[in-house]
>>> print(open('target.cif').read())   # mmCIF, C-alpha atoms; chains and numbers go by the auth columns
data_final
loop_
_atom_site.group_PDB
_atom_site.id
_atom_site.type_symbol
_atom_site.label_atom_id
_atom_site.label_comp_id
_atom_site.label_asym_id
_atom_site.label_seq_id
_atom_site.Cartn_x
_atom_site.Cartn_y
_atom_site.Cartn_z
_atom_site.B_iso_or_equiv
_atom_site.auth_seq_id
_atom_site.auth_asym_id
ATOM 1 C CA MET A 1 -44.953 72.736 45.776 0.00 957 S
ATOM 2 C CA LYS A 2 -44.521 76.246 44.439 0.00 958 S
ATOM 3 C CA TRP A 3 -46.779 78.212 42.152 0.00 959 S
ATOM 4 C CA SER A 4 -46.835 81.690 40.708 0.00 960 S
ATOM 5 C CA ILE A 5 -50.127 83.561 40.647 0.00 961 S
ATOM 6 C CA ALA A 6 -49.999 83.492 36.831 0.00 962 S
ATOM 7 C CA GLU A 7 -49.766 79.680 36.850 0.00 963 S
ATOM 8 C CA LEU A 8 -52.856 79.437 39.041 0.00 964 S
ATOM 9 C CA HIS A 9 -54.930 81.616 36.661 0.00 965 S
ATOM 10 C CA ARG A 10 -56.270 78.473 35.009 0.00 966 S
ATOM 11 C CA TYR A 11 -58.008 77.507 38.284 0.00 967 S
ATOM 12 C CA SER A 12 -60.438 80.440 38.225 0.00 968 S
ATOM 13 C CA ASP A 13 -63.361 78.208 37.173 0.00 969 S
ATOM 14 C CA GLU A 14 -62.572 75.152 39.285 0.00 970 S
ATOM 15 C CA PRO A 15 -60.151 75.165 42.245 0.00 971 S
ATOM 16 C CA LEU A 16 -57.026 73.033 42.301 0.00 972 S
ATOM 17 C CA HIS A 17 -57.572 70.144 44.727 0.00 973 S
ATOM 18 C CA ILE A 18 -54.532 69.196 46.769 0.00 974 S
ATOM 19 C CA GLN A 19 -54.506 65.870 48.562 0.00 975 S
ATOM 20 C CA THR A 20 -50.989 64.904 49.473 0.00 976 S
ATOM 21 C CA THR A 21 -48.584 63.874 52.201 0.00 977 S
ATOM 22 C CA LEU A 22 -45.629 66.175 52.850 0.00 978 S
ATOM 23 C CA ASP A 23 -42.337 65.330 54.545 0.00 979 S
ATOM 24 C CA LEU A 24 -41.533 68.484 56.533 0.00 980 S
ATOM 25 C CA ASN A 25 -39.405 66.805 59.226 0.00 981 S
ATOM 26 C CA LYS A 26 -36.062 68.040 57.899 0.00 982 S
ATOM 27 C CA ILE A 27 -37.276 71.621 57.316 0.00 983 S
ATOM 28 C CA LEU A 28 -38.954 72.030 60.709 0.00 984 S
ATOM 29 C CA THR A 29 -36.313 70.310 62.858 0.00 985 S
ATOM 30 C CA ALA A 30 -33.564 72.350 61.203 0.00 986 S
ATOM 31 C CA SER A 31 -35.455 75.644 61.502 0.00 987 S
ATOM 32 C CA PHE A 32 -36.688 75.063 65.081 0.00 988 S
ATOM 33 C CA PRO A 33 -34.215 72.639 66.726 0.00 989 S
ATOM 34 C CA ASP A 34 -35.151 73.644 70.299 0.00 990 S
ATOM 35 C CA THR A 35 -38.903 73.559 69.670 0.00 991 S
ATOM 36 C CA ILE A 36 -39.494 70.629 67.312 0.00 992 S
ATOM 37 C CA LEU A 37 -37.779 67.268 67.774 0.00 993 S
ATOM 38 C CA ALA A 38 -39.574 65.357 64.994 0.00 994 S
ATOM 39 C CA VAL A 39 -42.515 65.632 62.591 0.00 995 S
ATOM 40 C CA GLN A 40 -44.439 62.679 61.224 0.00 996 S
ATOM 41 C CA PRO A 41 -45.576 62.827 57.574 0.00 997 S
ATOM 42 C CA VAL A 42 -48.077 65.666 57.147 0.00 998 S
ATOM 43 C CA LYS A 43 -51.413 64.836 55.509 0.00 999 S
ATOM 44 C CA VAL A 44 -52.872 67.806 53.646 0.00 1000 S
ATOM 45 C CA ASP A 45 -56.253 68.098 51.973 0.00 1001 S
ATOM 46 C CA GLY A 46 -57.195 71.445 50.483 0.00 1002 S
ATOM 47 C CA TYR A 47 -58.026 73.711 47.600 0.00 1003 S
ATOM 48 C CA VAL A 48 -56.266 76.523 45.799 0.00 1004 S
ATOM 49 C CA SER A 49 -58.566 78.961 44.028 0.00 1005 S
ATOM 50 C CA TYR A 50 -57.910 81.960 41.784 0.00 1006 S
ATOM 51 C CA ASP A 51 -60.240 84.968 41.827 0.00 1007 S
ATOM 52 C CA GLN A 52 -59.616 88.311 40.091 0.00 1008 S
ATOM 53 C CA GLY A 53 -55.834 88.122 40.428 0.00 1009 S
ATOM 54 C CA ASP A 54 -55.792 86.791 44.002 0.00 1010 S
ATOM 55 C CA VAL A 55 -55.072 83.244 45.139 0.00 1011 S
ATOM 56 C CA THR A 56 -56.708 81.700 48.210 0.00 1012 S
ATOM 57 C CA VAL A 57 -55.401 78.522 49.828 0.00 1013 S
ATOM 58 C CA ASN A 58 -57.746 76.547 52.120 0.00 1014 S
ATOM 59 C CA ALA A 59 -56.133 73.492 53.662 0.00 1015 S
ATOM 60 C CA HIS A 60 -56.760 70.941 56.390 0.00 1016 S
ATOM 61 C CA VAL A 61 -53.613 69.540 58.017 0.00 1017 S
ATOM 62 C CA GLU A 62 -53.076 66.424 60.153 0.00 1018 S
ATOM 63 C CA THR A 63 -49.768 65.351 61.680 0.00 1019 S
ATOM 64 C CA THR A 64 -47.992 64.393 64.886 0.00 1020 S
ATOM 65 C CA VAL A 65 -45.173 66.605 66.128 0.00 1021 S
ATOM 66 C CA THR A 66 -42.720 65.576 68.845 0.00 1022 S
ATOM 67 C CA VAL A 67 -41.841 68.534 71.063 0.00 1023 S
ATOM 68 C CA PRO A 68 -40.061 68.845 74.417 0.00 1024 S
ATOM 69 C CA SER A 69 -42.160 69.177 77.556 0.00 1025 S
ATOM 70 C CA SER A 70 -42.069 72.771 78.743 0.00 1026 S
ATOM 71 C CA ARG A 71 -41.426 71.515 82.269 0.00 1027 S
ATOM 72 C CA SER A 72 -38.923 68.649 81.996 0.00 1028 S
ATOM 73 C CA LEU A 73 -37.897 68.637 78.299 0.00 1029 S
ATOM 74 C CA THR A 74 -39.204 65.059 77.996 0.00 1030 S
ATOM 75 C CA PRO A 75 -40.270 64.358 74.386 0.00 1031 S
ATOM 76 C CA VAL A 76 -44.056 64.617 73.970 0.00 1032 S
ATOM 77 C CA ALA A 77 -46.007 63.503 70.884 0.00 1033 S
ATOM 78 C CA LEU A 78 -48.507 66.233 70.038 0.00 1034 S
ATOM 79 C CA THR A 79 -51.269 65.447 67.525 0.00 1035 S
ATOM 80 C CA LEU A 80 -52.227 68.407 65.345 0.00 1036 S
ATOM 81 C CA ASN A 81 -55.441 68.565 63.358 0.00 1037 S
ATOM 82 C CA PHE A 82 -56.275 72.048 62.032 0.00 1038 S
ATOM 83 C CA SER A 83 -57.296 74.100 59.017 0.00 1039 S
ATOM 84 C CA PHE A 84 -55.942 77.356 57.676 0.00 1040 S
ATOM 85 C CA THR A 85 -56.797 79.884 54.995 0.00 1041 S
ATOM 86 C CA GLU A 86 -54.316 82.237 53.359 0.00 1042 S
ATOM 87 C CA THR A 87 -54.776 84.679 50.507 0.00 1043 S
ATOM 88 C CA TYR A 88 -51.932 85.780 48.262 0.00 1044 S
ATOM 89 C CA ILE A 89 -52.026 88.963 46.201 0.00 1045 S
ATOM 90 C CA ASP A 90 -49.399 90.575 43.995 0.00 1046 S
ATOM 91 C CA ASP A 91 -51.074 93.983 43.770 0.00 1047 S
ATOM 92 C CA PRO A 92 -51.212 95.973 47.055 0.00 1048 S
ATOM 93 C CA ALA A 93 -54.326 97.748 45.759 0.00 1049 S
ATOM 94 C CA HIS A 94 -56.208 94.464 46.222 0.00 1050 S
ATOM 95 C CA LEU A 95 -55.850 94.789 50.022 0.00 1051 S
ATOM 96 C CA SER A 96 -58.922 97.038 50.047 0.00 1052 S
ATOM 97 C CA ARG A 97 -61.015 93.998 49.036 0.00 1053 S
ATOM 98 C CA TYR A 98 -60.331 92.409 52.426 0.00 1054 S
ATOM 99 C CA GLU A 99 -60.296 95.391 54.829 0.00 1055 S
ATOM 100 C CA ASP A 100 -64.060 95.550 55.457 0.00 1056 S
ATOM 101 C CA ASP A 101 -64.457 91.868 56.285 0.00 1057 S
ATOM 102 C CA GLU A 102 -63.935 91.802 60.084 0.00 1058 S
ATOM 103 C CA GLU A 103 -65.085 88.182 60.429 0.00 1059 S
ATOM 104 C CA ASN A 104 -62.402 87.001 58.048 0.00 1060 S
ATOM 105 C CA ASP A 105 -59.609 85.057 59.819 0.00 1061 S
ATOM 106 C CA GLU A 106 -57.497 84.499 56.767 0.00 1062 S
ATOM 107 C CA ILE A 107 -54.007 85.875 56.469 0.00 1063 S
ATOM 108 C CA ILE A 108 -53.153 88.010 53.461 0.00 1064 S
ATOM 109 C CA PHE A 109 -49.675 88.004 51.907 0.00 1065 S
ATOM 110 C CA VAL A 110 -48.500 90.533 49.362 0.00 1066 S
ATOM 111 C CA LEU A 111 -46.094 88.868 46.938 0.00 1067 S
ATOM 112 C CA LYS A 112 -43.296 90.702 45.193 0.00 1068 S
ATOM 113 C CA HIS A 113 -43.296 90.660 41.417 0.00 1069 S
ATOM 114 C CA GLY A 114 -42.404 87.144 40.254 0.00 1070 S
ATOM 115 C CA GLU A 115 -42.429 85.661 43.772 0.00 1071 S
ATOM 116 C CA LYS A 116 -43.986 82.211 44.055 0.00 1072 S
ATOM 117 C CA ILE A 117 -46.357 80.759 46.633 0.00 1073 S
ATOM 118 C CA ASP A 118 -44.447 78.094 48.569 0.00 1074 S
ATOM 119 C CA PHE A 119 -47.116 75.681 49.786 0.00 1075 S
ATOM 120 C CA ASP A 120 -44.702 73.540 51.850 0.00 1076 S
ATOM 121 C CA GLU A 121 -43.478 76.641 53.690 0.00 1077 S
ATOM 122 C CA ALA A 122 -47.052 77.794 54.340 0.00 1078 S
ATOM 123 C CA VAL A 123 -47.956 74.417 55.862 0.00 1079 S
ATOM 124 C CA ALA A 124 -44.754 74.380 57.938 0.00 1080 S
ATOM 125 C CA GLU A 125 -45.392 77.880 59.322 0.00 1081 S
ATOM 126 C CA ASN A 126 -48.943 76.961 60.259 0.00 1082 S
ATOM 127 C CA ILE A 127 -47.716 73.814 62.052 0.00 1083 S
ATOM 128 C CA VAL A 128 -45.358 75.928 64.167 0.00 1084 S
ATOM 129 C CA GLU A 129 -48.200 78.321 65.013 0.00 1085 S
ATOM 130 C CA GLN A 130 -50.306 75.415 66.305 0.00 1086 S
ATOM 131 C CA ILE A 131 -47.749 74.271 68.906 0.00 1087 S
ATOM 132 C CA PRO A 132 -48.866 75.509 72.331 0.00 1088 S
ATOM 133 C CA LEU A 133 -46.433 77.342 74.620 0.00 1089 S
ATOM 134 C CA ARG A 134 -47.078 74.912 77.446 0.00 1090 S
ATOM 135 C CA VAL A 135 -46.739 71.228 76.620 0.00 1091 S
ATOM 136 C CA LEU A 136 -46.771 68.609 79.391 0.00 1092 S
ATOM 137 C CA SER A 137 -46.180 64.867 79.272 0.00 1093 S
ATOM 138 C CA ASP A 138 -48.911 62.524 80.517 0.00 1094 S
ATOM 139 C CA ASP A 139 -47.051 61.994 83.815 0.00 1095 S
ATOM 140 C CA GLU A 140 -46.728 65.735 84.369 0.00 1096 S
ATOM 141 C CA ARG A 141 -50.427 66.317 83.672 0.00 1097 S
ATOM 142 C CA ASN A 142 -51.356 63.520 86.081 0.00 1098 S
ATOM 143 C CA GLY A 143 -49.479 65.070 88.993 0.00 1099 S
ATOM 144 C CA LYS A 144 -46.066 63.410 88.855 0.00 1100 S
ATOM 145 C CA SER A 145 -43.617 65.216 91.116 0.00 1101 S
ATOM 146 C CA LEU A 146 -41.852 68.193 89.635 0.00 1102 S
ATOM 147 C CA PRO A 147 -38.150 68.106 88.750 0.00 1103 S
ATOM 148 C CA ASN A 148 -35.670 69.006 91.476 0.00 1104 S
ATOM 149 C CA GLY A 149 -31.983 68.845 92.204 0.00 1105 S
ATOM 150 C CA LYS A 150 -29.384 69.780 94.767 0.00 1106 S
ATOM 151 C CA GLY A 151 -30.521 73.113 96.182 0.00 1107 S
ATOM 152 C CA TRP A 152 -33.330 73.756 93.672 0.00 1108 S
ATOM 153 C CA GLU A 153 -36.820 72.561 92.799 0.00 1109 S
ATOM 154 C CA VAL A 154 -39.585 73.458 90.386 0.00 1110 S
ATOM 155 C CA ILE A 155 -42.835 74.486 92.084 0.00 1111 S
ATOM 156 C CA THR A 156 -46.292 75.182 90.725 0.00 1112 S
ATOM 157 C CA GLU A 157 -47.691 78.679 90.529 0.00 1113 S
ATOM 158 C CA ASP A 158 -50.161 77.877 93.326 0.00 1114 S
ATOM 159 C CA ASP A 159 -47.323 76.699 95.587 0.00 1115 S
ATOM 160 C CA TYR A 160 -45.392 79.862 94.788 0.00 1116 S
ATOM 161 C CA LYS A 161 -48.335 82.074 95.759 0.00 1117 S
ATOM 162 C CA ALA A 162 -48.825 80.126 99.006 0.00 1118 S
ATOM 163 C CA ASN A 163 -45.110 80.530 99.821 0.00 1119 S
ATOM 164 C CA GLN A 164 -45.340 84.275 99.170 0.00 1120 S
ATOM 165 C CA GLN A 165 -48.308 84.625 101.528 0.00 1121 S
ATOM 166 C CA ASN A 166 -46.521 82.639 104.242 0.00 1122 S
ATOM 167 C CA ALA A 167 -43.417 84.808 103.834 0.00 1123 S
ATOM 168 C CA LYS A 168 -45.466 87.939 104.585 0.00 1124 S
ATOM 169 C CA LYS A 169 -46.656 86.562 107.923 0.00 1125 S
ATOM 170 C CA VAL A 170 -44.419 87.543 110.835 0.00 1126 S
ATOM 171 C CA ASP A 171 -43.213 84.861 113.210 0.00 1127 S
ATOM 172 C CA PRO A 172 -45.030 85.600 116.520 0.00 1128 S
ATOM 173 C CA ARG A 173 -41.755 85.226 118.428 0.00 1129 S
ATOM 174 C CA LEU A 174 -40.324 88.113 116.406 0.00 1130 S
ATOM 175 C CA ALA A 175 -43.423 90.323 116.475 0.00 1131 S
ATOM 176 C CA LYS A 176 -42.108 92.280 119.490 0.00 1132 S
ATOM 177 C CA LEU A 177 -39.017 93.313 117.490 0.00 1133 S
ATOM 178 C CA LYS A 178 -41.269 95.164 115.070 0.00 1134 S
ATOM 179 C CA LYS A 179 -42.141 97.614 117.868 0.00 1135 S
ATOM 180 C CA LEU A 180 -38.463 98.586 118.261 0.00 1136 S
ATOM 181 C CA PHE A 181 -38.312 100.234 114.825 0.00 1137 S
ATOM 182 C CA PRO A 182 -41.862 101.408 113.999 0.00 1138 S
ATOM 183 C CA ASP A 183 -40.727 103.895 111.335 0.00 1139 S
ATOM 184 C CA GLN A 184 -39.085 101.103 109.231 0.00 1140 S
ATOM 185 C CA ASP A 185 -42.451 99.823 107.955 0.00 1141 S
ATOM 186 C CA GLU A 186 -43.384 103.250 106.599 0.00 1142 S
ATOM 187 C CA LYS A 187 -40.215 103.447 104.443 0.00 1143 S
ATOM 188 C CA LYS A 188 -41.187 100.426 102.360 0.00 1144 S
#
>>> encode(input="target.cif", output="structure tokens")
Amino acid sequence: MKWSIAELHRYSDEPLHIQTTLDLNKILTASFPDTILAVQPVKVDGYVSYDQGDVTVNAHVETTVTVPSSRSLTPVALTLNFSFTETYIDDPAHLSRYEDDEENDEIIFVLKHGEKIDFDEAVAENIVEQIPLRVLSDDERNGKSLPNGKGWEVITEDDYKANQQNAKKVDPRLAKLKKLFPDQDEKK
């Protein structure tokens, strides 16, 4: 769905209600092949309103995205249920209307002359923003052993810190050697 701000002028009295299901699987998997493996149909319920030359989109989105686990790359189904608000303006002078409102979380886009609002793209971008950096499968969250191989293993941050502390301790059998070169510790 694409609209120009001029087309949405007729919704100044009553907002345009959008209740639809979008198929964004092809767009998102092509744009983010390493991040998104699949996207179920996206249910969207929202409103588009026009006010003094500006367009505001409020939408609630529900979908399930399949992404790779950040630890083992195992596919993980991630349910997303969120809302977003975006305002579109075509006159940069209108930015001053939104500068004083510190509590406002909406994003403001300045459109070029004749540019259209691409609703599908807006929903897709907001889906990508909702994917956390760290995604774990159920087994990984429940303590399943970490991946390893010949000569390597993945360890937790806590294990790493414990290993670092143990590495700083000097083997008591070698403690006497430290006295042979006392000035070596000062050079570090």
>>> resolve_selection(input="target.cif", expression="the PyMOL selection byres ((chain S and resi 1092) around 9)", output="list in words")
Pro1024, Ser1025, Ser1026, Arg1027, Ser1028, Leu1029, Thr1030, Val1032, Arg1090, Val1091, Ser1093, Asp1094, Asp1095, Glu1096 and Arg1097 of chain S
>>> residues_around(input="target.cif", residues="S:Asn981", least_positions_apart="5", cutoff="8 Å", atoms="all atoms listed in the file", output="mmCIF file with C-alpha atoms, in the frame of the given file")
data_model
loop_
_atom_site.group_PDB
_atom_site.id
_atom_site.type_symbol
_atom_site.label_atom_id
_atom_site.label_comp_id
_atom_site.auth_asym_id
_atom_site.auth_seq_id
_atom_site.Cartn_x
_atom_site.Cartn_y
_atom_site.Cartn_z
ATOM 1 C CA ALA S 994 -39.574 65.357 64.994
ATOM 2 C CA VAL S 995 -42.515 65.632 62.591
ATOM 3 C CA GLN S 996 -44.439 62.679 61.224
ATOM 4 C CA PRO S 997 -45.576 62.827 57.574
#
>>> atom_distance(input="target.cif", atom1="atom CA of S:Glu1018", atom2="atom CA of S:Leu978")
10.4 Å
>>> atom_distance(input="target.cif", atom1="atom CA of S:Pro989", atom2="atom CA of S:Ile1087")
13.8 Å
>>> resolve_selection(input="target.cif", expression="the PyMOL selection byres ((chain S and resi 1016) around 6)", output="ChimeraX atom specification")
/S:1000-1002,1015,1017,1038-1039
>>> residues_around(input="target.cif", residues="S:Thr1043", least_positions_apart="4", cutoff="6 Å", atoms="all atoms listed in the file", output="PyMOL selection string")
chain S and resi 1011-1012+1064
>>> atom_distance(input="target.cif", atom1="atom CA of S:Thr1041", atom2="atom CA of S:Asn1014")
4.5 Å
>>> resolve_selection(input="target.cif", expression="the PyMOL selection byres ((chain S and resi 967-972) around 8)", output="list in words")
Leu964, His965, Arg966, His973, Ile974, Tyr1003, Val1004, Ser1005, Tyr1006 and Asp1007 of chain S
>>> closest_residue(input="target.cif", among="S:Ile1045, S:Lys1106, S:Thr985, S:Ile1083", to="S:Glu1071", atoms="only C-alpha atoms")
S:Ile1045
>>> closest_residue(input="target.cif", among="S:Asn1119, S:Asn1098, S:Thr1019, S:Thr1112", to="S:Gln1086", atoms="only C-alpha atoms")
S:Thr1019
>>> closest_residue(input="target.cif", among="S:Glu1109, S:Asp1115, S:Asn1082, S:Gln1121", to="S:Leu980", atoms="all atoms listed in the file")
S:Asn1082
